[in-house]
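Asks: Take a look at final_1.cif, mmCIF, N, CA and C atoms:
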```
data_work
loop_
_atom_site.label_atom_id
_atom_site.label_comp_id
_atom_site.auth_asym_id
_atom_site.auth_seq_id
_atom_site.Cartn_x
_atom_site.Cartn_y
_atom_site.Cartn_z
N MET A 1 -3.83 46.45 13.62
CA MET A 1 -4.87 46.27 14.58
C MET A 1 -6.10 45.69 13.90
N LYS A 2 -6.81 44.86 14.61
CA LYS A 2 -8.05 44.31 14.08
C LYS A 2 -9.13 45.37 14.07
N SER A 3 -10.05 45.24 13.13
CA SER A 3 -11.16 46.18 13.11
C SER A 3 -12.16 45.80 14.19
N ILE A 4 -13.06 46.74 14.49
CA ILE A 4 -14.09 46.47 15.49
C ILE A 4 -14.96 45.30 15.02
N ALA A 5 -15.25 45.26 13.72
CA ALA A 5 -16.08 44.19 13.17
C ALA A 5 -15.44 42.82 13.38
N ALA A 6 -14.12 42.78 13.40
CA ALA A 6 -13.42 41.51 13.59
C ALA A 6 -13.21 41.20 15.08
N GLY A 7 -13.81 42.00 15.93
CA GLY A 7 -13.71 41.75 17.37
C GLY A 7 -12.49 42.36 18.02
N GLY A 8 -11.77 43.23 17.29
CA GLY A 8 -10.58 43.85 17.84
C GLY A 8 -10.86 45.23 18.37
N GLN A 9 -9.81 45.94 18.69
CA GLN A 9 -9.96 47.31 19.17
C GLN A 9 -10.29 48.22 18.00
N ARG A 10 -10.66 49.43 18.36
CA ARG A 10 -10.91 50.46 17.36
C ARG A 10 -9.70 50.56 16.45
N SER A 11 -9.92 50.71 15.16
CA SER A 11 -8.79 50.80 14.24
C SER A 11 -8.09 52.14 14.39
N VAL A 12 -6.79 52.12 14.13
CA VAL A 12 -6.00 53.33 14.19
C VAL A 12 -6.53 54.33 13.17
N GLU A 13 -6.91 53.83 12.01
CA GLU A 13 -7.41 54.71 10.95
C GLU A 13 -8.67 55.46 11.39
N SER A 14 -9.59 54.78 12.06
CA SER A 14 -10.82 55.45 12.48
C SER A 14 -10.54 56.48 13.57
N THR A 15 -9.58 56.20 14.43
CA THR A 15 -9.23 57.16 15.48
C THR A 15 -8.56 58.38 14.87
N VAL A 16 -7.67 58.17 13.92
CA VAL A 16 -7.01 59.30 13.25
C VAL A 16 -8.05 60.13 12.50
N ALA A 17 -8.95 59.46 11.80
CA ALA A 17 -10.00 60.18 11.06
C ALA A 17 -10.86 61.01 12.01
N ARG A 18 -11.20 60.43 13.14
CA ARG A 18 -12.00 61.16 14.14
C ARG A 18 -11.26 62.39 14.63
N ASN A 19 -9.96 62.24 14.91
CA ASN A 19 -9.16 63.36 15.38
C ASN A 19 -9.05 64.46 14.32
N VAL A 20 -8.92 64.06 13.07
CA VAL A 20 -8.85 65.04 11.98
C VAL A 20 -10.17 65.80 11.88
N VAL A 21 -11.28 65.09 11.99
CA VAL A 21 -12.60 65.75 11.94
C VAL A 21 -12.72 66.77 13.07
N PHE A 22 -12.33 66.41 14.28
CA PHE A 22 -12.44 67.35 15.39
C PHE A 22 -11.48 68.54 15.21
N ALA A 23 -10.29 68.30 14.69
CA ALA A 23 -9.36 69.41 14.42
C ALA A 23 -9.94 70.35 13.37
N LEU A 24 -10.55 69.79 12.33
CA LEU A 24 -11.18 70.61 11.29
C LEU A 24 -12.38 71.39 11.83
N LEU A 25 -13.13 70.77 12.74
CA LEU A 25 -14.23 71.50 13.39
C LEU A 25 -13.69 72.70 14.18
N GLY A 26 -12.56 72.50 14.83
CA GLY A 26 -11.92 73.60 15.54
C GLY A 26 -11.50 74.71 14.58
N ALA A 27 -10.92 74.33 13.45
CA ALA A 27 -10.51 75.32 12.46
C ALA A 27 -11.73 76.07 11.92
N ALA A 28 -12.80 75.34 11.66
CA ALA A 28 -14.04 75.98 11.18
C ALA A 28 -14.58 76.94 12.23
N GLY A 29 -14.48 76.56 13.49
CA GLY A 29 -14.92 77.44 14.56
C GLY A 29 -14.13 78.74 14.60
N LEU A 30 -12.83 78.66 14.33
CA LEU A 30 -12.01 79.88 14.29
C LEU A 30 -12.46 80.80 13.17
N VAL A 31 -12.77 80.21 12.03
CA VAL A 31 -13.21 81.01 10.88
C VAL A 31 -14.58 81.64 11.15
N LEU A 32 -15.47 80.86 11.74
CA LEU A 32 -16.85 81.32 11.95
C LEU A 32 -17.02 82.22 13.18
N LYS A 33 -16.06 82.21 14.08
CA LYS A 33 -16.16 82.98 15.32
C LYS A 33 -16.44 84.45 15.05
N ALA A 34 -15.83 85.00 14.04
CA ALA A 34 -16.00 86.42 13.73
C ALA A 34 -17.44 86.75 13.33
N ARG A 35 -18.18 85.76 12.88
CA ARG A 35 -19.56 85.99 12.45
C ARG A 35 -20.58 85.86 13.59
N TYR A 36 -20.12 85.46 14.76
CA TYR A 36 -21.03 85.25 15.88
C TYR A 36 -21.59 86.59 16.35
N SER A 37 -22.90 86.64 16.58
CA SER A 37 -23.51 87.87 17.08
C SER A 37 -24.68 87.55 18.01
N GLY A 38 -24.42 86.71 19.02
CA GLY A 38 -25.46 86.32 19.96
C GLY A 38 -25.10 86.73 21.37
N PRO A 39 -25.67 86.01 22.34
CA PRO A 39 -25.38 86.31 23.74
C PRO A 39 -23.89 86.18 24.04
N GLN A 40 -23.40 87.02 24.92
CA GLN A 40 -21.99 87.02 25.33
C GLN A 40 -21.05 87.22 24.13
N MET A 41 -21.47 88.04 23.17
CA MET A 41 -20.70 88.23 21.94
C MET A 41 -19.29 88.73 22.24
N GLU A 42 -19.14 89.65 23.16
CA GLU A 42 -17.81 90.18 23.46
C GLU A 42 -16.90 89.08 24.01
N LEU A 43 -17.43 88.25 24.89
CA LEU A 43 -16.66 87.14 25.45
C LEU A 43 -16.26 86.14 24.36
N VAL A 44 -17.18 85.81 23.49
CA VAL A 44 -16.90 84.87 22.40
C VAL A 44 -15.82 85.44 21.49
N HIS A 45 -15.92 86.72 21.16
CA HIS A 45 -14.93 87.33 20.27
C HIS A 45 -13.56 87.46 20.93
N SER A 46 -13.51 87.70 22.24
CA SER A 46 -12.21 87.89 22.88
C SER A 46 -11.56 86.57 23.32
N CYS A 47 -12.34 85.60 23.78
CA CYS A 47 -11.76 84.36 24.30
C CYS A 47 -12.12 83.13 23.49
N GLY A 48 -13.13 83.23 22.67
CA GLY A 48 -13.58 82.06 21.91
C GLY A 48 -12.52 81.48 21.02
N GLY A 49 -11.71 82.34 20.42
CA GLY A 49 -10.64 81.85 19.54
C GLY A 49 -9.64 80.98 20.29
N ASN A 50 -9.33 81.37 21.52
CA ASN A 50 -8.39 80.57 22.32
C ASN A 50 -8.98 79.23 22.70
N VAL A 51 -10.26 79.23 23.07
CA VAL A 51 -10.93 77.96 23.40
C VAL A 51 -10.92 77.04 22.18
N ILE A 52 -11.30 77.59 21.04
CA ILE A 52 -11.41 76.78 19.82
C ILE A 52 -10.03 76.32 19.35
N ALA A 53 -9.04 77.23 19.38
CA ALA A 53 -7.69 76.87 18.92
C ALA A 53 -7.09 75.79 19.82
N SER A 54 -7.28 75.91 21.13
CA SER A 54 -6.75 74.91 22.06
C SER A 54 -7.39 73.55 21.81
N PHE A 55 -8.71 73.56 21.59
CA PHE A 55 -9.44 72.35 21.25
C PHE A 55 -8.84 71.71 20.01
N ALA A 56 -8.61 72.51 18.97
CA ALA A 56 -8.05 71.99 17.72
C ALA A 56 -6.63 71.46 17.91
N VAL A 57 -5.81 72.16 18.67
CA VAL A 57 -4.42 71.72 18.88
C VAL A 57 -4.40 70.35 19.55
N TYR A 58 -5.26 70.14 20.52
CA TYR A 58 -5.33 68.82 21.17
C TYR A 58 -5.53 67.72 20.13
N PHE A 59 -6.48 67.93 19.22
CA PHE A 59 -6.78 66.89 18.23
C PHE A 59 -5.76 66.85 17.09
N ILE A 60 -5.04 67.93 16.87
CA ILE A 60 -3.96 67.92 15.88
C ILE A 60 -2.80 67.06 16.40
N LEU A 61 -2.50 67.20 17.68
CA LEU A 61 -1.39 66.44 18.29
C LEU A 61 -1.77 64.99 18.59
N ALA A 62 -3.05 64.71 18.75
CA ALA A 62 -3.50 63.39 19.21
C ALA A 62 -3.02 62.22 18.35
N PRO A 63 -3.07 62.28 17.01
CA PRO A 63 -2.64 61.10 16.24
C PRO A 63 -1.17 60.74 16.47
N ALA A 64 -0.30 61.73 16.42
CA ALA A 64 1.12 61.46 16.61
C ALA A 64 1.42 60.99 18.03
N LEU A 65 0.82 61.65 19.00
CA LEU A 65 1.06 61.27 20.40
C LEU A 65 0.40 59.94 20.73
N GLY A 66 -0.70 59.64 20.07
CA GLY A 66 -1.35 58.34 20.27
C GLY A 66 -0.48 57.19 19.80
N ARG A 67 0.21 57.41 18.67
CA ARG A 67 1.12 56.36 18.16
C ARG A 67 2.26 56.11 19.13
N LEU A 68 2.64 57.15 19.88
CA LEU A 68 3.70 57.02 20.87
C LEU A 68 3.17 56.47 22.20
N LYS A 69 1.89 56.11 22.20
CA LYS A 69 1.22 55.54 23.38
C LYS A 69 1.11 56.54 24.53
N PHE A 70 1.02 57.82 24.19
CA PHE A 70 0.80 58.84 25.21
C PHE A 70 -0.66 58.77 25.61
N GLY A 71 -0.94 58.80 26.88
CA GLY A 71 -2.31 58.77 27.36
C GLY A 71 -2.99 60.11 27.14
N ARG A 72 -4.27 60.11 27.32
CA ARG A 72 -5.09 61.30 27.10
C ARG A 72 -4.61 62.47 27.97
N ALA A 73 -4.27 62.22 29.22
CA ALA A 73 -3.84 63.29 30.12
C ALA A 73 -2.52 63.91 29.66
N LEU A 74 -1.58 63.09 29.24
CA LEU A 74 -0.30 63.62 28.77
C LEU A 74 -0.48 64.40 27.47
N ARG A 75 -1.37 63.92 26.59
CA ARG A 75 -1.68 64.67 25.36
C ARG A 75 -2.23 66.04 25.73
N ALA A 76 -3.09 66.08 26.74
CA ALA A 76 -3.69 67.36 27.16
C ALA A 76 -2.62 68.31 27.71
N VAL A 77 -1.72 67.78 28.51
CA VAL A 77 -0.65 68.62 29.09
C VAL A 77 0.24 69.18 27.98
N LEU A 78 0.60 68.34 27.01
CA LEU A 78 1.45 68.81 25.92
C LEU A 78 0.72 69.83 25.03
N ALA A 79 -0.54 69.58 24.74
CA ALA A 79 -1.31 70.53 23.93
C ALA A 79 -1.45 71.86 24.67
N LEU A 80 -1.71 71.79 25.97
CA LEU A 80 -1.82 73.02 26.76
C LEU A 80 -0.48 73.75 26.77
N GLY A 81 0.61 73.00 26.87
CA GLY A 81 1.94 73.62 26.82
C GLY A 81 2.17 74.37 25.51
N VAL A 82 1.75 73.79 24.41
CA VAL A 82 1.92 74.43 23.10
C VAL A 82 1.14 75.74 23.04
N VAL A 83 -0.14 75.70 23.41
CA VAL A 83 -0.95 76.92 23.29
C VAL A 83 -0.55 77.99 24.30
N GLU A 84 -0.12 77.57 25.48
CA GLU A 84 0.33 78.55 26.48
C GLU A 84 1.65 79.17 26.05
N LEU A 85 2.53 78.37 25.46
CA LEU A 85 3.80 78.89 24.95
C LEU A 85 3.55 79.87 23.80
N PHE A 86 2.59 79.54 22.96
CA PHE A 86 2.19 80.45 21.87
C PHE A 86 1.77 81.79 22.46
N GLU A 87 0.98 81.73 23.52
CA GLU A 87 0.49 82.95 24.18
C GLU A 87 1.65 83.72 24.79
N ALA A 88 2.53 83.04 25.50
CA ALA A 88 3.62 83.70 26.22
C ALA A 88 4.66 84.30 25.28
N THR A 89 4.83 83.72 24.09
CA THR A 89 5.86 84.21 23.16
C THR A 89 5.29 85.10 22.08
N ASP A 90 4.07 85.58 22.29
CA ASP A 90 3.42 86.47 21.32
C ASP A 90 3.37 85.80 19.95
N GLY A 91 2.76 84.63 19.91
CA GLY A 91 2.58 83.92 18.64
C GLY A 91 3.86 83.31 18.11
N PHE A 92 4.73 82.87 19.01
CA PHE A 92 6.04 82.31 18.64
C PHE A 92 6.87 83.32 17.85
N LYS A 93 6.55 84.60 17.98
CA LYS A 93 7.22 85.69 17.26
C LYS A 93 7.09 85.53 15.74
N VAL A 94 6.12 84.73 15.31
CA VAL A 94 5.87 84.52 13.88
C VAL A 94 4.53 85.12 13.50
N MET A 95 3.56 84.96 14.39
CA MET A 95 2.21 85.48 14.15
C MET A 95 1.94 86.59 15.15
N SER A 96 1.08 87.49 14.79
CA SER A 96 0.73 88.53 15.76
C SER A 96 -0.30 87.96 16.73
N ASN A 97 -0.19 88.37 17.96
CA ASN A 97 -1.07 87.87 19.00
C ASN A 97 -1.32 89.01 19.98
N THR A 98 -2.56 89.25 20.31
CA THR A 98 -2.90 90.28 21.28
C THR A 98 -2.90 89.64 22.66
N TYR A 99 -2.05 90.14 23.54
CA TYR A 99 -1.93 89.54 24.86
C TYR A 99 -3.12 89.90 25.73
N ASP A 100 -3.66 88.90 26.37
CA ASP A 100 -4.72 89.07 27.36
C ASP A 100 -4.54 87.93 28.34
N SER A 101 -4.38 88.25 29.61
CA SER A 101 -4.14 87.20 30.60
C SER A 101 -5.30 86.21 30.68
N ALA A 102 -6.51 86.63 30.31
CA ALA A 102 -7.66 85.71 30.32
C ALA A 102 -7.50 84.61 29.27
N ASP A 103 -6.64 84.82 28.29
CA ASP A 103 -6.42 83.81 27.26
C ASP A 103 -5.84 82.53 27.83
N TYR A 104 -5.04 82.65 28.89
CA TYR A 104 -4.49 81.45 29.51
C TYR A 104 -5.60 80.56 30.06
N LEU A 105 -6.58 81.17 30.69
CA LEU A 105 -7.72 80.43 31.20
C LEU A 105 -8.54 79.85 30.04
N ALA A 106 -8.75 80.64 29.00
CA ALA A 106 -9.51 80.17 27.84
C ALA A 106 -8.82 78.98 27.19
N ASN A 107 -7.49 78.99 27.15
CA ASN A 107 -6.76 77.84 26.60
C ASN A 107 -7.04 76.58 27.42
N GLY A 108 -7.04 76.73 28.73
CA GLY A 108 -7.35 75.59 29.59
C GLY A 108 -8.76 75.07 29.38
N VAL A 109 -9.70 75.97 29.19
CA VAL A 109 -11.09 75.57 28.92
C VAL A 109 -11.16 74.78 27.61
N GLY A 110 -10.43 75.23 26.61
CA GLY A 110 -10.42 74.52 25.33
C GLY A 110 -9.85 73.11 25.45
N ILE A 111 -8.80 72.97 26.24
CA ILE A 111 -8.21 71.64 26.45
C ILE A 111 -9.17 70.76 27.23
N LEU A 112 -9.82 71.31 28.26
CA LEU A 112 -10.81 70.52 29.01
C LEU A 112 -11.97 70.09 28.12
N LEU A 113 -12.41 70.97 27.24
CA LEU A 113 -13.46 70.62 26.30
C LEU A 113 -12.99 69.50 25.37
N ALA A 114 -11.76 69.59 24.90
CA ALA A 114 -11.22 68.54 24.04
C ALA A 114 -11.14 67.20 24.77
N LEU A 115 -10.72 67.23 26.02
CA LEU A 115 -10.67 65.99 26.82
C LEU A 115 -12.05 65.37 26.96
N LEU A 116 -13.04 66.21 27.23
CA LEU A 116 -14.41 65.72 27.38
C LEU A 116 -14.91 65.12 26.07
N VAL A 117 -14.71 65.82 24.97
CA VAL A 117 -15.15 65.31 23.66
C VAL A 117 -14.42 64.02 23.31
N ASP A 118 -13.11 63.96 23.58
CA ASP A 118 -12.33 62.76 23.31
C ASP A 118 -12.84 61.58 24.12
N ALA A 119 -13.10 61.80 25.40
CA ALA A 119 -13.59 60.73 26.26
C ALA A 119 -14.96 60.23 25.80
N VAL A 120 -15.86 61.16 25.49
CA VAL A 120 -17.20 60.77 25.04
C VAL A 120 -17.13 60.04 23.70
N ALA A 121 -16.34 60.58 22.76
CA ALA A 121 -16.22 59.94 21.45
C ALA A 121 -15.62 58.54 21.56
N THR A 122 -14.65 58.38 22.45
CA THR A 122 -14.04 57.06 22.66
C THR A 122 -15.05 56.08 23.24
N ARG A 123 -15.82 56.56 24.19
CA ARG A 123 -16.82 55.70 24.82
C ARG A 123 -17.91 55.30 23.81
N VAL A 124 -18.35 56.25 23.00
CA VAL A 124 -19.39 55.97 22.00
C VAL A 124 -18.88 54.98 20.95
N ALA A 125 -17.60 55.14 20.56
CA ALA A 125 -17.02 54.27 19.53
C ALA A 125 -16.77 52.85 20.03
N GLY A 126 -16.71 52.67 21.33
CA GLY A 126 -16.48 51.34 21.90
C GLY A 126 -15.02 51.10 22.19
N PRO A 127 -14.70 49.90 22.66
CA PRO A 127 -13.33 49.60 23.08
C PRO A 127 -12.32 49.68 21.97
#
```
Rewrite the structure from the file as structure tokens, please.
Replies:
Amino acid sequence: MKSIAAGGQRSVESTVARNVVFALLGAAGLVLKARYSGPQMELVHSCGGNVIASFAVYFILAPALGRLKFGRALRAVLALGVVELFEATDGFKVMSNTYDSADYLANGVGILLALLVDAVATRVAGP
């Protein structure tokens, strides 16, 4: 693909790098969530991890699914499927997971946040 400077579309490398940065921000959010002690602390501690993890999963899957020409909506559906399946199978029976039905909603919020960030970042970066 041509670079933006050469009048082409956004480079694949810059899109992958952007997705990696957002996935790492999600991972950092998971680590830092335990240190949060502000308004709605109980809500952040109980559902924040799901929102952040879902956000990160969207951007983890985005490079591979982007190469397959999957659109943003299909990437979101697949990422949501992964995190909801993780929830339903108690961490894929590999990791421990505390079941809370509100986590399903929190996962959806994380995916919606990822879609919004992806759309804004794409628009800011240009065609």
Asks: Mind listing as JSON, numbers by chain all residues within 8 Å of (-3.7, 60.0, 15.4), counting all atoms listed in the file?
Replies: {"A": [12, 13, 14, 15, 16, 17, 18, 19, 20, 59, 60, 61, 62, 63, 64, 65, 66, 67]}
Asks: Apply the PyMOL selection byres ((chain A and resi 97-103) around 8) to the structure shown and report the selected residues as a count of residues only.
Replies: 23
Asks: For the point (-11.0, 70.5, 24.4) in file coordinates, what residues are within 7 Å, counting all atoms listed in the file? Give the answer as a list in words?
Replies: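 Here is the list of nearby residues: Val51, Ser54, Phe55, Ala56, Tyr58, Val109, Gly110, Ile111, Leu112, Leu113, Ala114, Leu115, Leu116, Val117 and Asp118 of chain A.
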Asks: From a DSSP calculation on the backbone, collect every residue of chain A in helix (DSSP H, G or I) and output the set as an NGL selection string.
Replies: :A and (12-33 or 41-67 or 72-88 or 91-93 or 102-125)
Asks: Rounded to one decimal in Å, what is the spacing between atom N of Val57 in chain A and atom C of Val21 in chain A?
Replies: 10.4 Å
Asks: For atom N of Val82 in chain A and atom C of Ala53 in chain A, determine how far apart the two atoms are, in Å to one decimal place.
Replies: 10.2 Å
Asks: Please compute the atom N of Arg123 in chain A-atom C of Val44 in chain A distance, one decimal, in Å.
Replies: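 Calculated distance between atom N of Arg123 in chain A and atom C of Val44 in chain A is 29.0 Å.
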Asks: Using only C-alpha atoms, determine which residues lie at most 12 Å from Val31 in chain A, disregarding the query and same-chain residues fewer than 4 positions distant; provide the list as a PyMOL selection string.
Replies: chain A and resi 24-27+35-36+45+48-49+52-53
Asks: Output N, CA and C atoms for every residue in the selection just made, as a compact mmCIF listing (two decimals), in the coordinates of the input.
Replies:
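Okay, result_39.txt is ready:
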```
# COMPACT_ATOMS: atom_id res chain seq x y z
N LEU A 24 -10.55 69.79 12.33
CA LEU A 24 -11.18 70.61 11.29
C LEU A 24 -12.38 71.39 11.83
N LEU A 25 -13.13 70.77 12.74
CA LEU A 25 -14.23 71.50 13.39
C LEU A 25 -13.69 72.70 14.18
N GLY A 26 -12.56 72.50 14.83
CA GLY A 26 -11.92 73.60 15.54
C GLY A 26 -11.50 74.71 14.58
N ALA A 27 -10.92 74.33 13.45
CA ALA A 27 -10.51 75.32 12.46
C ALA A 27 -11.73 76.07 11.92
N ARG A 35 -18.18 85.76 12.88
CA ARG A 35 -19.56 85.99 12.45
C ARG A 35 -20.58 85.86 13.59
N TYR A 36 -20.12 85.46 14.76
CA TYR A 36 -21.03 85.25 15.88
C TYR A 36 -21.59 86.59 16.35
N HIS A 45 -15.92 86.72 21.16
CA HIS A 45 -14.93 87.33 20.27
C HIS A 45 -13.56 87.46 20.93
N GLY A 48 -13.13 83.23 22.67
CA GLY A 48 -13.58 82.06 21.91
C GLY A 48 -12.52 81.48 21.02
N GLY A 49 -11.71 82.34 20.42
CA GLY A 49 -10.64 81.85 19.54
C GLY A 49 -9.64 80.98 20.29
N ILE A 52 -11.30 77.59 21.04
CA ILE A 52 -11.41 76.78 19.82
C ILE A 52 -10.03 76.32 19.35
N ALA A 53 -9.04 77.23 19.38
CA ALA A 53 -7.69 76.87 18.92
C ALA A 53 -7.09 75.79 19.82
```
